[in-house]
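Trainee: Structure file run.pdb (PDB, C-alpha atoms) is given on the next line.
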ATOM      1  CA  MET A 806      -8.240  12.852  21.952
ATOM      2  CA  LYS A 807      -4.753  11.899  23.120
ATOM      3  CA  SER A 808      -2.550  10.257  20.484
ATOM      4  CA  PHE A 809      -0.951   6.879  21.059
ATOM      5  CA  GLU A 810       2.510   7.040  22.602
ATOM      6  CA  ASN A 811       4.361   4.448  20.534
ATOM      7  CA  PHE A 812       2.864   4.778  17.057
ATOM      8  CA  ARG A 813       0.840   7.134  14.913
ATOM      9  CA  LEU A 814      -2.651   6.370  13.638
ATOM     10  CA  ALA A 815      -3.365   7.141   9.987
ATOM     11  CA  ALA A 816      -6.269   6.557   7.626
ATOM     12  CA  TYR A 817      -6.428   6.182   3.857
ATOM     13  CA  VAL A 818      -9.178   8.310   2.275
ATOM     14  CA  TRP A 819     -10.259   6.745  -0.975
ATOM     15  CA  ALA A 820     -11.323   8.559  -4.148
ATOM     16  CA  TYR A 821     -14.935   7.355  -4.095
ATOM     17  CA  TYR A 822     -15.483   9.266  -0.871
ATOM     18  CA  LEU A 823     -13.419  12.335  -1.707
ATOM     19  CA  LEU A 824     -15.008  12.956  -5.086
ATOM     20  CA  ASP A 825     -18.494  13.632  -3.719
ATOM     21  CA  VAL A 826     -18.060  14.675  -0.081
ATOM     22  CA  THR A 827     -18.890  18.295   0.707
ATOM     23  CA  ASP A 828     -16.634  20.447   2.843
ATOM     24  CA  GLU A 829     -19.304  20.511   5.549
ATOM     25  CA  GLN A 830     -19.696  16.736   5.584
ATOM     26  CA  LEU A 831     -15.947  16.227   5.670
ATOM     27  CA  GLU A 832     -15.734  18.451   8.756
ATOM     28  CA  LYS A 833     -18.435  16.384  10.451
ATOM     29  CA  ASP A 834     -16.804  13.098   9.479
ATOM     30  CA  ILE A 835     -13.432  14.175  10.881
ATOM     31  CA  GLU A 836     -15.140  15.113  14.139
ATOM     32  CA  THR A 837     -16.907  11.730  14.180
ATOM     33  CA  PHE A 838     -13.619   9.890  13.701
ATOM     34  CA  GLU A 839     -11.929  11.895  16.428
ATOM     35  CA  MET A 840     -14.731  11.142  18.873
ATOM     36  CA  TYR A 841     -13.424   7.565  18.958
ATOM     37  CA  ALA A 842      -9.786   7.634  17.908
ATOM     38  CA  PRO A 843      -6.879  10.072  17.543
ATOM     39  CA  LEU A 844      -6.092  10.725  13.885
ATOM     40  CA  ASP A 845      -2.512  11.809  13.228
ATOM     41  CA  LYS A 846      -2.341  11.490   9.451
ATOM     42  CA  VAL A 847      -4.355  10.814   6.301
ATOM     43  CA  TYR A 848      -3.504   9.808   2.754
ATOM     44  CA  LEU A 849      -5.835  11.434   0.213
ATOM     45  CA  GLU A 850      -6.356   9.405  -2.959
ATOM     46  CA  ASN A 851      -6.617  11.120  -6.332
ATOM     47  CA  HIS A 852      -7.344   8.075  -8.492
ATOM     48  CA  ARG A 853      -8.962   4.655  -8.290
ATOM     49  CA  ALA A 854     -10.452   2.678 -11.192
ATOM     50  CA  GLN A 855     -12.304   5.276 -13.292
ATOM     51  CA  ILE A 856     -12.481   7.918 -10.551
ATOM     52  CA  ASP A 857     -10.242  11.002 -10.677
ATOM     53  CA  VAL A 858     -10.397  13.589  -7.907
ATOM     54  CA  PRO A 859      -9.614  17.098  -9.202
ATOM     55  CA  LYS A 860      -6.595  18.859  -7.741
ATOM     56  CA  GLU A 861      -8.816  21.670  -6.430
ATOM     57  CA  LYS A 862     -10.875  19.157  -4.435
ATOM     58  CA  LEU A 863      -7.709  17.571  -3.044
ATOM     59  CA  ARG A 864      -6.405  20.960  -1.937
ATOM     60  CA  ARG A 865      -9.654  21.827  -0.134
ATOM     61  CA  ALA A 866      -9.726  18.480   1.649
ATOM     62  CA  LYS A 867      -6.069  18.890   2.576
ATOM     63  CA  GLU A 868      -6.775  22.285   4.121
ATOM     64  CA  ILE A 869      -9.696  20.925   6.146
ATOM     65  CA  PHE A 870      -7.703  18.019   7.576
ATOM     66  CA  GLU A 871      -4.771  20.312   8.365
ATOM     67  CA  ARG A 872      -7.068  22.685  10.274
ATOM     68  CA  HIS A 873      -7.731  19.741  12.568
ATOM     69  CA  GLY A 874      -3.994  19.304  13.122
ATOM     70  CA  ILE A 875      -3.821  16.228  10.899
ATOM     71  CA  GLU A 876      -0.838  15.613   8.610
ATOM     72  CA  VAL A 877      -1.847  15.063   4.977
ATOM     73  CA  SER A 878      -0.185  13.103   2.161
ATOM     74  CA  GLY A 879      -1.342  11.920  -1.243
ATOM     75  CA  GLY A 880      -2.143   8.442  -2.517
ATOM     76  CA  ILE A 881      -3.103   6.564  -5.646
ATOM     77  CA  THR A 882      -4.557   3.154  -6.437
ATOM     78  CA  SER A 883      -3.119   1.910  -9.715
ATOM     79  CA  THR A 884      -6.266   0.531 -11.306
ATOM     80  CA  ALA A 885      -7.789   1.937 -14.466
ATOM     81  CA  LEU A 886      -9.863   1.485 -17.570
ATOM     82  CA  VAL A 887      -8.057   3.901 -19.872
ATOM     83  CA  ASN A 888     -10.427   5.309 -22.503
ATOM     84  CA  GLY A 889     -12.880   2.518 -21.760
ATOM     85  CA  LYS A 890     -10.599  -0.153 -23.213
ATOM     86  CA  PRO A 891     -10.329  -3.252 -20.996
ATOM     87  CA  LYS A 892      -7.030  -5.102 -20.625
ATOM     88  CA  PRO A 893      -6.578  -8.818 -19.844
ATOM     89  CA  SER A 894      -5.292  -8.221 -16.306
ATOM     90  CA  ILE A 895      -6.565  -9.159 -12.862
ATOM     91  CA  PHE A 896      -7.872  -6.290 -10.720
ATOM     92  CA  GLY A 897      -7.837  -3.964 -13.731
ATOM     93  CA  THR A 898      -4.276  -2.761 -13.147
ATOM     94  CA  PHE A 899      -2.583  -0.365 -15.533
ATOM     95  CA  CYS A 900      -0.666  -1.803 -18.466
ATOM     96  CA  TYR A 901       2.847  -0.387 -18.213
ATOM     97  CA  THR A 902       3.726  -1.577 -21.712
ATOM     98  CA  ASP A 903       1.006   0.575 -23.264
ATOM     99  CA  GLU A 904       2.193   4.161 -23.828
ATOM    100  CA  GLU A 905      -1.320   5.521 -23.344
ATOM    101  CA  HIS A 906      -1.524   3.868 -19.920
ATOM    102  CA  ARG A 907       1.973   5.040 -19.003
ATOM    103  CA  SER A 908       1.294   8.677 -19.904
ATOM    104  CA  THR A 909      -2.015   8.624 -18.017
ATOM    105  CA  TYR A 910      -0.302   7.285 -14.919
ATOM    106  CA  VAL A 911       2.543   9.805 -15.093
ATOM    107  CA  ARG A 912      -0.005  12.628 -15.315
ATOM    108  CA  LEU A 913      -1.795  11.353 -12.194
ATOM    109  CA  ILE A 914       1.485  11.174 -10.282
ATOM    110  CA  GLU A 915       2.442  14.685 -11.384
ATOM    111  CA  ASP A 916      -0.949  15.954 -10.182
ATOM    112  CA  LEU A 917      -0.302  14.455  -6.751
ATOM    113  CA  ALA A 918       3.188  15.934  -6.596
ATOM    114  CA  GLU A 919       1.730  19.406  -7.206
ATOM    115  CA  VAL A 920      -0.499  19.135  -4.132
ATOM    116  CA  PHE A 921       1.448  16.988  -1.651
ATOM    117  CA  ASP A 922       4.998  16.648  -0.342
ATOM    118  CA  GLU A 923       4.507  12.889   0.107
ATOM    119  CA  ILE A 924       2.880  10.202  -2.026
ATOM    120  CA  ILE A 925       2.083   6.584  -1.243
ATOM    121  CA  LEU A 926       1.282   3.975  -3.876
ATOM    122  CA  ASP A 927      -1.512   1.680  -2.748
ATOM    123  CA  ASP A 928      -0.590  -1.966  -3.304
ATOM    124  CA  PHE A 929      -1.860  -2.235  -6.873
ATOM    125  CA  PHE A 930       1.363  -0.939  -8.392
ATOM    126  CA  PHE A 931       1.952  -4.201 -10.208
ATOM    127  CA  THR A 932       1.003  -5.738 -13.526
ATOM    128  CA  ALA A 933      -0.587  -8.984 -14.562
ATOM    129  CA  CYS A 934      -1.474  -7.802 -18.054
ATOM    130  CA  LYS A 935      -1.224 -10.229 -20.968
ATOM    131  CA  CYS A 936      -2.349  -7.981 -23.786
ATOM    132  CA  GLU A 937      -0.818  -8.244 -27.249
ATOM    133  CA  LYS A 938       1.604  -5.403 -26.505
ATOM    134  CA  CYS A 939       2.863  -7.213 -23.400
ATOM    135  CA  ILE A 940       3.179 -10.550 -25.185
ATOM    136  CA  GLU A 941       5.230  -8.964 -27.956
ATOM    137  CA  ALA A 942       7.454  -6.987 -25.575
ATOM    138  CA  ARG A 943       8.059  -9.992 -23.329
ATOM    139  CA  GLY A 944       9.753 -11.979 -26.082
ATOM    140  CA  ALA A 945      11.548 -15.086 -24.771
ATOM    141  CA  ARG A 946      11.558 -13.962 -21.145
ATOM    142  CA  SER A 947       9.303 -15.460 -18.513
ATOM    143  CA  TRP A 948       6.426 -13.294 -17.342
ATOM    144  CA  ALA A 949       8.194 -12.757 -14.021
ATOM    145  CA  GLU A 950      11.415 -11.647 -15.710
ATOM    146  CA  TYR A 951       9.581  -9.296 -18.052
ATOM    147  CA  ARG A 952       7.449  -7.739 -15.328
ATOM    148  CA  LEU A 953      10.383  -7.230 -12.985
ATOM    149  CA  ASP A 954      12.264  -5.346 -15.716
ATOM    150  CA  LEU A 955       9.160  -3.404 -16.739
ATOM    151  CA  MET A 956       8.189  -2.233 -13.248
ATOM    152  CA  GLU A 957      11.768  -1.365 -12.316
ATOM    153  CA  ASP A 958      11.968   0.867 -15.384
ATOM    154  CA  PHE A 959       8.601   2.510 -14.796
ATOM    155  CA  SER A 960       9.366   3.076 -11.112
ATOM    156  CA  HIS A 961      12.275   5.265 -12.216
ATOM    157  CA  VAL A 962       9.956   7.059 -14.661
ATOM    158  CA  ILE A 963       7.347   8.058 -12.074
ATOM    159  CA  VAL A 964       9.842   8.960  -9.347
ATOM    160  CA  ASP A 965      11.760  11.192 -11.760
ATOM    161  CA  ALA A 966       8.526  12.795 -13.020
ATOM    162  CA  ALA A 967       7.214  13.451  -9.495
ATOM    163  CA  LYS A 968      10.461  14.934  -8.223
ATOM    164  CA  LYS A 969      10.735  17.177 -11.248
ATOM    165  CA  VAL A 970       7.424  18.698 -10.146
ATOM    166  CA  ASN A 971       8.252  18.649  -6.420
ATOM    167  CA  PRO A 972      11.946  18.108  -5.584
ATOM    168  CA  LYS A 973      11.253  17.727  -1.844
ATOM    169  CA  LEU A 974       8.730  14.934  -2.392
ATOM    170  CA  ASN A 975       8.896  11.796  -0.235
ATOM    171  CA  PHE A 976       7.786   8.875  -2.439
ATOM    172  CA  ILE A 977       6.575   5.646  -0.789
ATOM    173  CA  ILE A 978       5.790   2.275  -2.359
ATOM    174  CA  LYS A 979       3.457   0.067  -0.336
ATOM    175  CA  TYR A 980       3.811  -3.685  -0.682
ATOM    176  CA  PRO A 981       0.945  -6.145  -0.247
ATOM    177  CA  ALA A 982       1.135  -9.055   2.184
ATOM    178  CA  TRP A 983       1.490 -11.754  -0.513
ATOM    179  CA  TYR A 984       5.285 -11.474  -0.765
ATOM    180  CA  LYS A 985       5.858 -14.967  -2.208
ATOM    181  CA  SER A 986       4.292 -13.801  -5.483
ATOM    182  CA  TYR A 987       5.858 -10.346  -5.733
ATOM    183  CA  HIS A 988       8.131 -11.205  -8.652
ATOM    184  CA  GLU A 989       5.287 -12.738 -10.674
ATOM    185  CA  THR A 990       3.665  -9.302 -10.896
ATOM    186  CA  GLY A 991       6.780  -7.122 -11.039
ATOM    187  CA  TYR A 992       7.263  -6.201  -7.385
ATOM    188  CA  ASN A 993      10.966  -6.147  -6.534
ATOM    189  CA  PRO A 994      11.819  -4.770  -3.062
ATOM    190  CA  GLU A 995      15.514  -5.458  -3.678
ATOM    191  CA  LYS A 996      15.577  -2.832  -6.441
ATOM    192  CA  GLU A 997      12.616  -0.618  -5.537
ATOM    193  CA  ARG A 998      13.834   0.080  -1.992
ATOM    194  CA  ASP A 999      16.579   2.159  -3.620
ATOM    195  CA  ILE A1000      14.331   3.778  -6.227
ATOM    196  CA  PHE A1001      11.682   5.022  -3.805
ATOM    197  CA  ASP A1002      12.411   7.022  -0.668
ATOM    198  CA  MET A1003      10.497   4.664   1.609
ATOM    199  CA  ILE A1004       8.463   1.473   1.614
ATOM    200  CA  TYR A1005       5.268   0.550   3.469
ATOM    201  CA  THR A1006       3.908  -2.803   4.587
ATOM    202  CA  GLY A1007       0.528  -4.305   3.828
ATOM    203  CA  THR A1008      -0.415  -6.353   6.893
ATOM    204  CA  GLU A1009      -3.998  -7.069   5.839
ATOM    205  CA  THR A1010      -4.340 -10.828   6.334
ATOM    206  CA  ARG A1011      -8.163 -10.956   6.342
ATOM    207  CA  GLU A1012      -9.956 -14.305   6.563
ATOM    208  CA  PRO A1013      -7.278 -17.021   6.138
ATOM    209  CA  VAL A1014      -9.496 -19.762   4.714
ATOM    210  CA  TYR A1015     -12.302 -18.352   2.592
ATOM    211  CA  ASN A1016     -10.202 -15.776   0.804
ATOM    212  CA  ALA A1017      -8.193 -15.774  -2.415
ATOM    213  CA  GLN A1018      -5.019 -14.579  -0.702
ATOM    214  CA  HIS A1019      -5.142 -17.451   1.814
ATOM    215  CA  MET A1020      -2.733 -15.950   4.362
ATOM    216  CA  GLN A1021      -2.636 -16.994   7.982
ATOM    217  CA  ARG A1022      -3.394 -14.239  10.461
ATOM    218  CA  TYR A1023       0.061 -14.338  12.100
ATOM    219  CA  HIS A1024       1.434 -13.189   8.736
ATOM    220  CA  SER A1025       0.565  -9.615   9.792
ATOM    221  CA  TYR A1026       3.561  -9.917  12.120
ATOM    222  CA  SER A1027       5.991 -11.796   9.892
ATOM    223  CA  ILE A1028       5.496  -9.550   6.847
ATOM    224  CA  MET A1029       6.328  -6.553   9.059
ATOM    225  CA  ARG A1030       9.596  -8.181  10.085
ATOM    226  CA  PHE A1031      10.394  -9.149   6.493
ATOM    227  CA  LEU A1032      10.008  -5.609   5.161
ATOM    228  CA  GLU A1033      11.511  -3.948   8.245
ATOM    229  CA  ASN A1034      14.685  -5.866   7.437
ATOM    230  CA  THR A1035      14.380  -5.142   3.730
ATOM    231  CA  ALA A1036      14.735  -1.375   4.210
ATOM    232  CA  PRO A1037      15.840  -0.749   7.811
ATOM    233  CA  GLY A1038      14.666   2.619   9.053
ATOM    234  CA  ARG A1039      12.691   3.312   5.866
ATOM    235  CA  ASN A1040       9.591   1.174   6.388
ATOM    236  CA  GLY A1041       6.871   3.719   7.082
ATOM    237  CA  GLY A1042       4.413   1.442   8.871
ATOM    238  CA  GLY A1043       1.724  -1.192   8.476
ATOM    239  CA  TRP A1044      -1.601  -1.002   6.665
ATOM    240  CA  ILE A1045      -4.661  -3.039   7.661
ATOM    241  CA  ASP A1046      -8.031  -3.624   6.020
ATOM    242  CA  ALA A1047     -11.301  -4.821   7.546
ATOM    243  CA  GLY A1048     -12.495  -6.081   4.167
ATOM    244  CA  GLY A1049     -12.521  -9.852   3.861
ATOM    245  CA  SER A1050     -12.415 -10.350   7.612
ATOM    246  CA  GLY A1051     -15.781 -12.099   7.565
ATOM    247  CA  ASP A1052     -18.241 -11.464  10.366
ATOM    248  CA  ASN A1053     -15.669 -11.518  13.180
ATOM    249  CA  ILE A1054     -14.227  -8.134  14.107
ATOM    250  CA  ASN A1055     -11.458  -9.859  16.056
ATOM    251  CA  ARG A1056      -9.748 -10.717  12.763
ATOM    252  CA  PHE A1057      -9.445  -7.014  11.989
ATOM    253  CA  LEU A1058      -8.264  -6.127  15.491
ATOM    254  CA  GLU A1059      -5.649  -8.869  15.359
ATOM    255  CA  GLN A1060      -4.166  -7.329  12.214
ATOM    256  CA  ALA A1061      -3.614  -4.124  14.187
ATOM    257  CA  GLU A1062      -2.156  -5.927  17.199
ATOM    258  CA  LEU A1063       0.339  -7.959  15.170
ATOM    259  CA  THR A1064       1.315  -4.954  13.063
ATOM    260  CA  ILE A1065       2.261  -2.940  16.153
ATOM    261  CA  LEU A1066       3.941  -5.905  17.828
ATOM    262  CA  GLY A1067       5.938  -6.339  14.603
ATOM    263  CA  GLY A1068       7.477  -2.912  15.103
ATOM    264  CA  ALA A1069       5.281  -0.542  13.066
ATOM    265  CA  LYS A1070       5.621   3.118  13.992
ATOM    266  CA  GLU A1071       2.502   4.029  12.037
ATOM    267  CA  LEU A1072      -0.736   2.111  11.558
ATOM    268  CA  THR A1073      -2.883   2.976   8.545
ATOM    269  CA  LEU A1074      -6.560   2.055   8.559
ATOM    270  CA  TRP A1075      -8.256   1.301   5.270
ATOM    271  CA  ASN A1076     -10.306   3.257   4.965
ATOM    272  CA  PHE A1077     -11.518   6.525   6.531
ATOM    273  CA  GLU A1078     -15.098   6.259   5.280
ATOM    274  CA  PHE A1079     -15.472   2.658   6.442
ATOM    275  CA  MET A1080     -14.147   3.534   9.899
ATOM    276  CA  ILE A1081     -16.878   6.110  10.537
ATOM    277  CA  GLU A1082     -19.719   4.024   9.089
ATOM    278  CA  PRO A1083     -22.224   3.482  11.943
ATOM    279  CA  LYS A1084     -23.123  -0.011  10.748
ATOM    280  CA  THR A1085     -19.563  -1.286  11.068
ATOM    281  CA  ASN A1086     -18.937   0.032  14.604
ATOM    282  CA  VAL A1087     -15.250  -0.816  14.153
ATOM    283  CA  LEU A1088     -13.492   2.277  15.459
ATOM    284  CA  PRO A1089     -14.516   2.192  19.163
ATOM    285  CA  ALA A1090     -13.371  -1.423  19.527
ATOM    286  CA  MET A1091     -10.206  -0.705  17.557
ATOM    287  CA  THR A1092      -9.258   2.224  19.796
ATOM    288  CA  LYS A1093      -9.791   0.281  22.996
ATOM    289  CA  ASP A1094      -7.635  -2.545  21.692
ATOM    290  CA  LEU A1095      -4.898  -0.176  20.497
ATOM    291  CA  ARG A1096      -4.753   1.507  23.915
ATOM    292  CA  ARG A1097      -4.053  -1.898  25.408
ATOM    293  CA  ILE A1098      -1.297  -2.639  22.860
ATOM    294  CA  ASP A1099       0.170   0.858  23.192
ATOM    295  CA  ALA A1100       0.644   0.294  26.932
ATOM    296  CA  ILE A1101       3.152  -2.469  26.240
ATOM    297  CA  ALA A1102       4.561  -1.467  22.832
ATOM    298  CA  GLY A1103       7.139   0.872  24.318
ATOM    299  CA  SER A1104       8.700  -1.970  26.302
ATOM    300  CA  LEU A1105       9.081  -4.409  23.408
ATOM    301  CA  GLY A1106      12.433  -3.288  22.049
ATOM    302  CA  THR A1107      13.580  -4.861  18.776
ATOM    303  CA  PRO A1108      11.814  -8.134  17.964
ATOM    304  CA  THR A1109      14.231 -11.048  17.988
ATOM    305  CA  GLY A1110      13.884 -14.711  17.193
ATOM    306  CA  VAL A1111      15.060 -17.456  14.905
ATOM    307  CA  SER A1112      16.560 -15.942  11.756
ATOM    308  CA  VAL A1113      14.874 -16.832   8.483
ATOM    309  CA  TYR A1114      16.551 -15.996   5.169
ATOM    310  CA  GLU A1115      14.156 -15.143   2.360
ATOM    311  CA  PRO A1116      15.829 -14.569  -1.030
ATOM    312  CA  PHE A1117      14.315 -11.772  -3.070
ATOM    313  CA  CYS A1118      12.308 -12.810  -6.142
ATOM    314  CA  SER A1119      12.360 -16.466  -5.173
ATOM    315  CA  THR A1120       9.990 -19.422  -5.255
ATOM    316  CA  THR A1121      10.584 -23.090  -4.558
ATOM    317  CA  THR A1122      10.618 -23.814  -8.297
ATOM    318  CA  TRP A1123      13.363 -21.217  -8.832
ATOM    319  CA  ALA A1124      15.538 -22.304  -5.922
ATOM    320  CA  TRP A1125      17.740 -24.803  -7.767
ATOM    321  CA  ALA A1126      21.060 -23.302  -8.796
ATOM    322  CA  GLY A1127      20.927 -24.300 -12.455
ATOM    323  CA  SER A1128      17.681 -22.503 -13.306
ATOM    324  CA  PRO A1129      17.921 -19.779 -15.973
ATOM    325  CA  LEU A1130      16.453 -17.179 -13.633
ATOM    326  CA  SER A1131      18.933 -17.925 -10.859
ATOM    327  CA  ARG A1132      21.729 -17.105 -13.290
ATOM    328  CA  ARG A1133      20.091 -13.890 -14.404
ATOM    329  CA  ARG A1134      18.737 -12.563 -11.102
ATOM    330  CA  SER A1135      20.461 -11.626  -7.883
ATOM    331  CA  PHE A1136      19.270 -13.727  -4.969
ATOM    332  CA  ALA A1137      20.749 -11.516  -2.246
ATOM    333  CA  PRO A1138      18.881 -12.614   0.878
ATOM    334  CA  THR A1139      17.071 -10.397   3.307
ATOM    335  CA  ARG A1140      17.027 -11.242   6.967
ATOM    336  CA  ARG A1141      13.885 -11.193   9.062
ATOM    337  CA  SER A1142      12.948 -12.441  12.481
ATOM    338  CA  SER A1143      10.338 -15.154  12.748
ATOM    339  CA  SER A1144       9.205 -14.196  16.229
TER     340      SER A1144
END
Turn the structure described in the file into structure tokens.

Mentor:
Amino acid sequence: MKSFENFRLAAYVWAYYLLDVTDEQLEKDIETFEMYAPLDKVYLENHRAQIDVPKEKLRRAKEIFERHGIEVSGGITSTALVNGKPKPSIFGTFCYTDEEHRSTYVRLIEDLAEVFDEIILDDFFFTACKCEKCIEARGARSWAEYRLDLMEDFSHVIVDAAKKVNPKLNFIIKYPAWYKSYHETGYNPEKERDIFDMIYTGTETREPVYNAQHMQRYHSYSIMRFLENTAPGRNGGGWIDAGGSGDNINRFLEQAELTILGGAKELTLWNFEFMIEPKTNVLPAMTKDLRRIDAIAGSLGTPTGVSVYEPFCSTTTWAWAGSPLSRRRSFAPTRRSSS
């Protein structure tokens, strides 16, 4: 099937699927996907929660996708229950204060770097842990201050470890759509854009009312513009997710439309297995809609509009000049277009 002219279509292949799929079934599933949509690239996940995909399985899957002319990179979702010991953290994220968690994570990254020349971090590379180790290490700092320092340090650790294994590696950090809370969990695009080779944009807005993230659907466009201006030329694309879209497929399709209209040169679908599930019937409608958007995407040029200045690591409560954090943190603004 002919690829789109103005962007590439990618799919994230999660560990739950990869761990058990046979080579024969994977071949069939790729053919099923390509019956409905062109697939230019995949990201193969080696870890999620308590699931680890062996390197040998990753290599076989990589070979199969490449035989179909599909580019292959690696991925990881940073959730874990290390040695069966729960941590007081939402979404079960790793604890980057705990040396056992840190060493486990470094090993997983090194495994990916052995197999792939590119790695993307799914948008769970943050921490909300409040274990005793974190409380002690935080000291007098706010949680935001501590987590920003912690994740900046550990970002250097994993990038250095990965590139020691594979010096030509391209390392990508993907950011979620909820940018107003980045600093509360340690995300810091101002610093991390220079630590990692590239960034990636989560444009999954889902259902705007009955959902914990509570983001309006037009945010799929504005978050693209925000991160495009954060790392010009190094934002790999936009990533959408049908989960949480309720019973209306149009919410999922709109994520794709706004992502492309926001300037994405690659659209990642989460996830491969869901896309080929007969009950969802998402892919045929998605492809038809993307053909329509592709027909006009080449004529859009650079999005322009009213300039909005969004300081990094900022909230309304931190905006006043005399706050302790404003004295300790750089508030260099990034520029994005609002339309």

Trainee: Kindly provide, as an mmCIF file with C-alpha atoms, keeping the file's coordinate frame, the polymer residues lying within 12 Å of (-9.6, 22.7, -2.8), counting all atoms listed in the file and using the coordinates exactly as they appear in the file.

Mentor:
data_model
loop_
_atom_site.group_PDB
_atom_site.id
_atom_site.type_symbol
_atom_site.label_atom_id
_atom_site.label_comp_id
_atom_site.auth_asym_id
_atom_site.auth_seq_id
_atom_site.Cartn_x
_atom_site.Cartn_y
_atom_site.Cartn_z
ATOM 1 C CA LEU A 823 -13.419 12.335 -1.707
ATOM 2 C CA LEU A 824 -15.008 12.956 -5.086
ATOM 3 C CA VAL A 826 -18.060 14.675 -0.081
ATOM 4 C CA THR A 827 -18.890 18.295 0.707
ATOM 5 C CA ASP A 828 -16.634 20.447 2.843
ATOM 6 C CA VAL A 858 -10.397 13.589 -7.907
ATOM 7 C CA PRO A 859 -9.614 17.098 -9.202
ATOM 8 C CA LYS A 860 -6.595 18.859 -7.741
ATOM 9 C CA GLU A 861 -8.816 21.670 -6.430
ATOM 10 C CA LYS A 862 -10.875 19.157 -4.435
ATOM 11 C CA LEU A 863 -7.709 17.571 -3.044
ATOM 12 C CA ARG A 864 -6.405 20.960 -1.937
ATOM 13 C CA ARG A 865 -9.654 21.827 -0.134
ATOM 14 C CA ALA A 866 -9.726 18.480 1.649
ATOM 15 C CA LYS A 867 -6.069 18.890 2.576
ATOM 16 C CA GLU A 868 -6.775 22.285 4.121
ATOM 17 C CA ILE A 869 -9.696 20.925 6.146
ATOM 18 C CA PHE A 870 -7.703 18.019 7.576
ATOM 19 C CA VAL A 920 -0.499 19.135 -4.132
#

Trainee: Determine, counting all atoms listed in the file, which protein, DNA and RNA residues have an atom within 8 Å of an atom of stretch 1084-1090 of chain A; residues of the same chain fewer than 6 positions away are not included. Present the result as a list in words.

Mentor: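 My list of contacting residues is Phe838, Tyr841, Ala842 and Ile1054 of chain A.
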
Trainee: Mind checking which residues fall within 9 Å of stretch 950-965 of chain A, counting all atoms listed in the file, ignoring those fewer than 2 positions away in the same chain, and posting them as a count of residues only?

Mentor: 35

Trainee: Go ahead and compute the interatomic distance for atom CA of A:Arg998 and atom CA of A:Asn1040, in Å to one decimal.

Mentor: 9.5 Å

Trainee: Which of these residues is nearest to A:Asp1099, using all atoms listed in the file: A:Leu1066, A:Ala918, A:Ile977, A:Ala982?

Mentor: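 Nearest to A:Asp1099: A:Leu1066.
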
Trainee: Please return, as a ChimeraX atom specification, all polymer residues that have at least one atom within 10 Å of the point (-7.7, 3.7, -23.8); use all atoms listed in the file and the file's own coordinate frame.

Mentor: /A:885-892,903-906,909

Trainee: Find, counting all atoms listed in the file, the residue in A:Leu926, A:Met1080, A:Ala1061, A:Ala1100 that gets nearest to A:Tyr1005.

Mentor: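 Closest to A:Tyr1005, using all atoms listed in the file: A:Leu926.
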
Trainee: Neighbouring residues of A:Ile835 were defined as those with any atom within 10 Å, considering only C-alpha atoms; residues of the same chain fewer than 4 positions away were excluded. Please report them as a list in words.

Mentor: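 Near A:Ile835, the qualifying residues are Gln830, Leu831, Glu839, Met840, Leu844, Ile869, Phe870, His873, Ile875, Phe1077, Glu1078 and Ile1081 of chain A.
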
Trainee: Please compute the atom CA of A:Arg1022-atom CA of A:Thr1006 distance, one decimal, in Å.

Mentor: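 Atom CA of A:Arg1022 sits 14.8 Å away from atom CA of A:Thr1006.
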
Trainee: Write out as a count of residues only each polymer residue whose atoms come within 12 Å of A:Glu810, counting all atoms listed in the file; drop sequence neighbours fewer than 5 positions from it.

Mentor: 15

Trainee: Could you jot down the atom CA of A:Thr882 to atom CA of A:Asn1076 separation for me, Å, one decimal place?

Mentor: 12.8 Å

Trainee: Between A:Asp857, A:Asp916, A:Asp922, A:Asp1046, which residue has the minimum interatomic distance to A:Tyr817, considering all atoms listed in the file?

Mentor: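 Of all the options, A:Asp1046 lies closest to A:Tyr817.
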
Trainee: Choose the residue, out of A:Trp819, A:Phe809, A:Phe899, A:Phe1117, that has the smallest atom-to-atom separation from A:Leu1074; count all atoms listed in the file.

Mentor: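 That would be A:Trp819, the residue with the smallest distance to A:Leu1074.
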
Trainee: Of the candidates A:Arg1039, A:Lys973, A:Arg1030, A:Arg1056, which shows the shortest atom-to-atom distance to A:Thr1010, using only C-alpha atoms?

Mentor: A:Arg1056
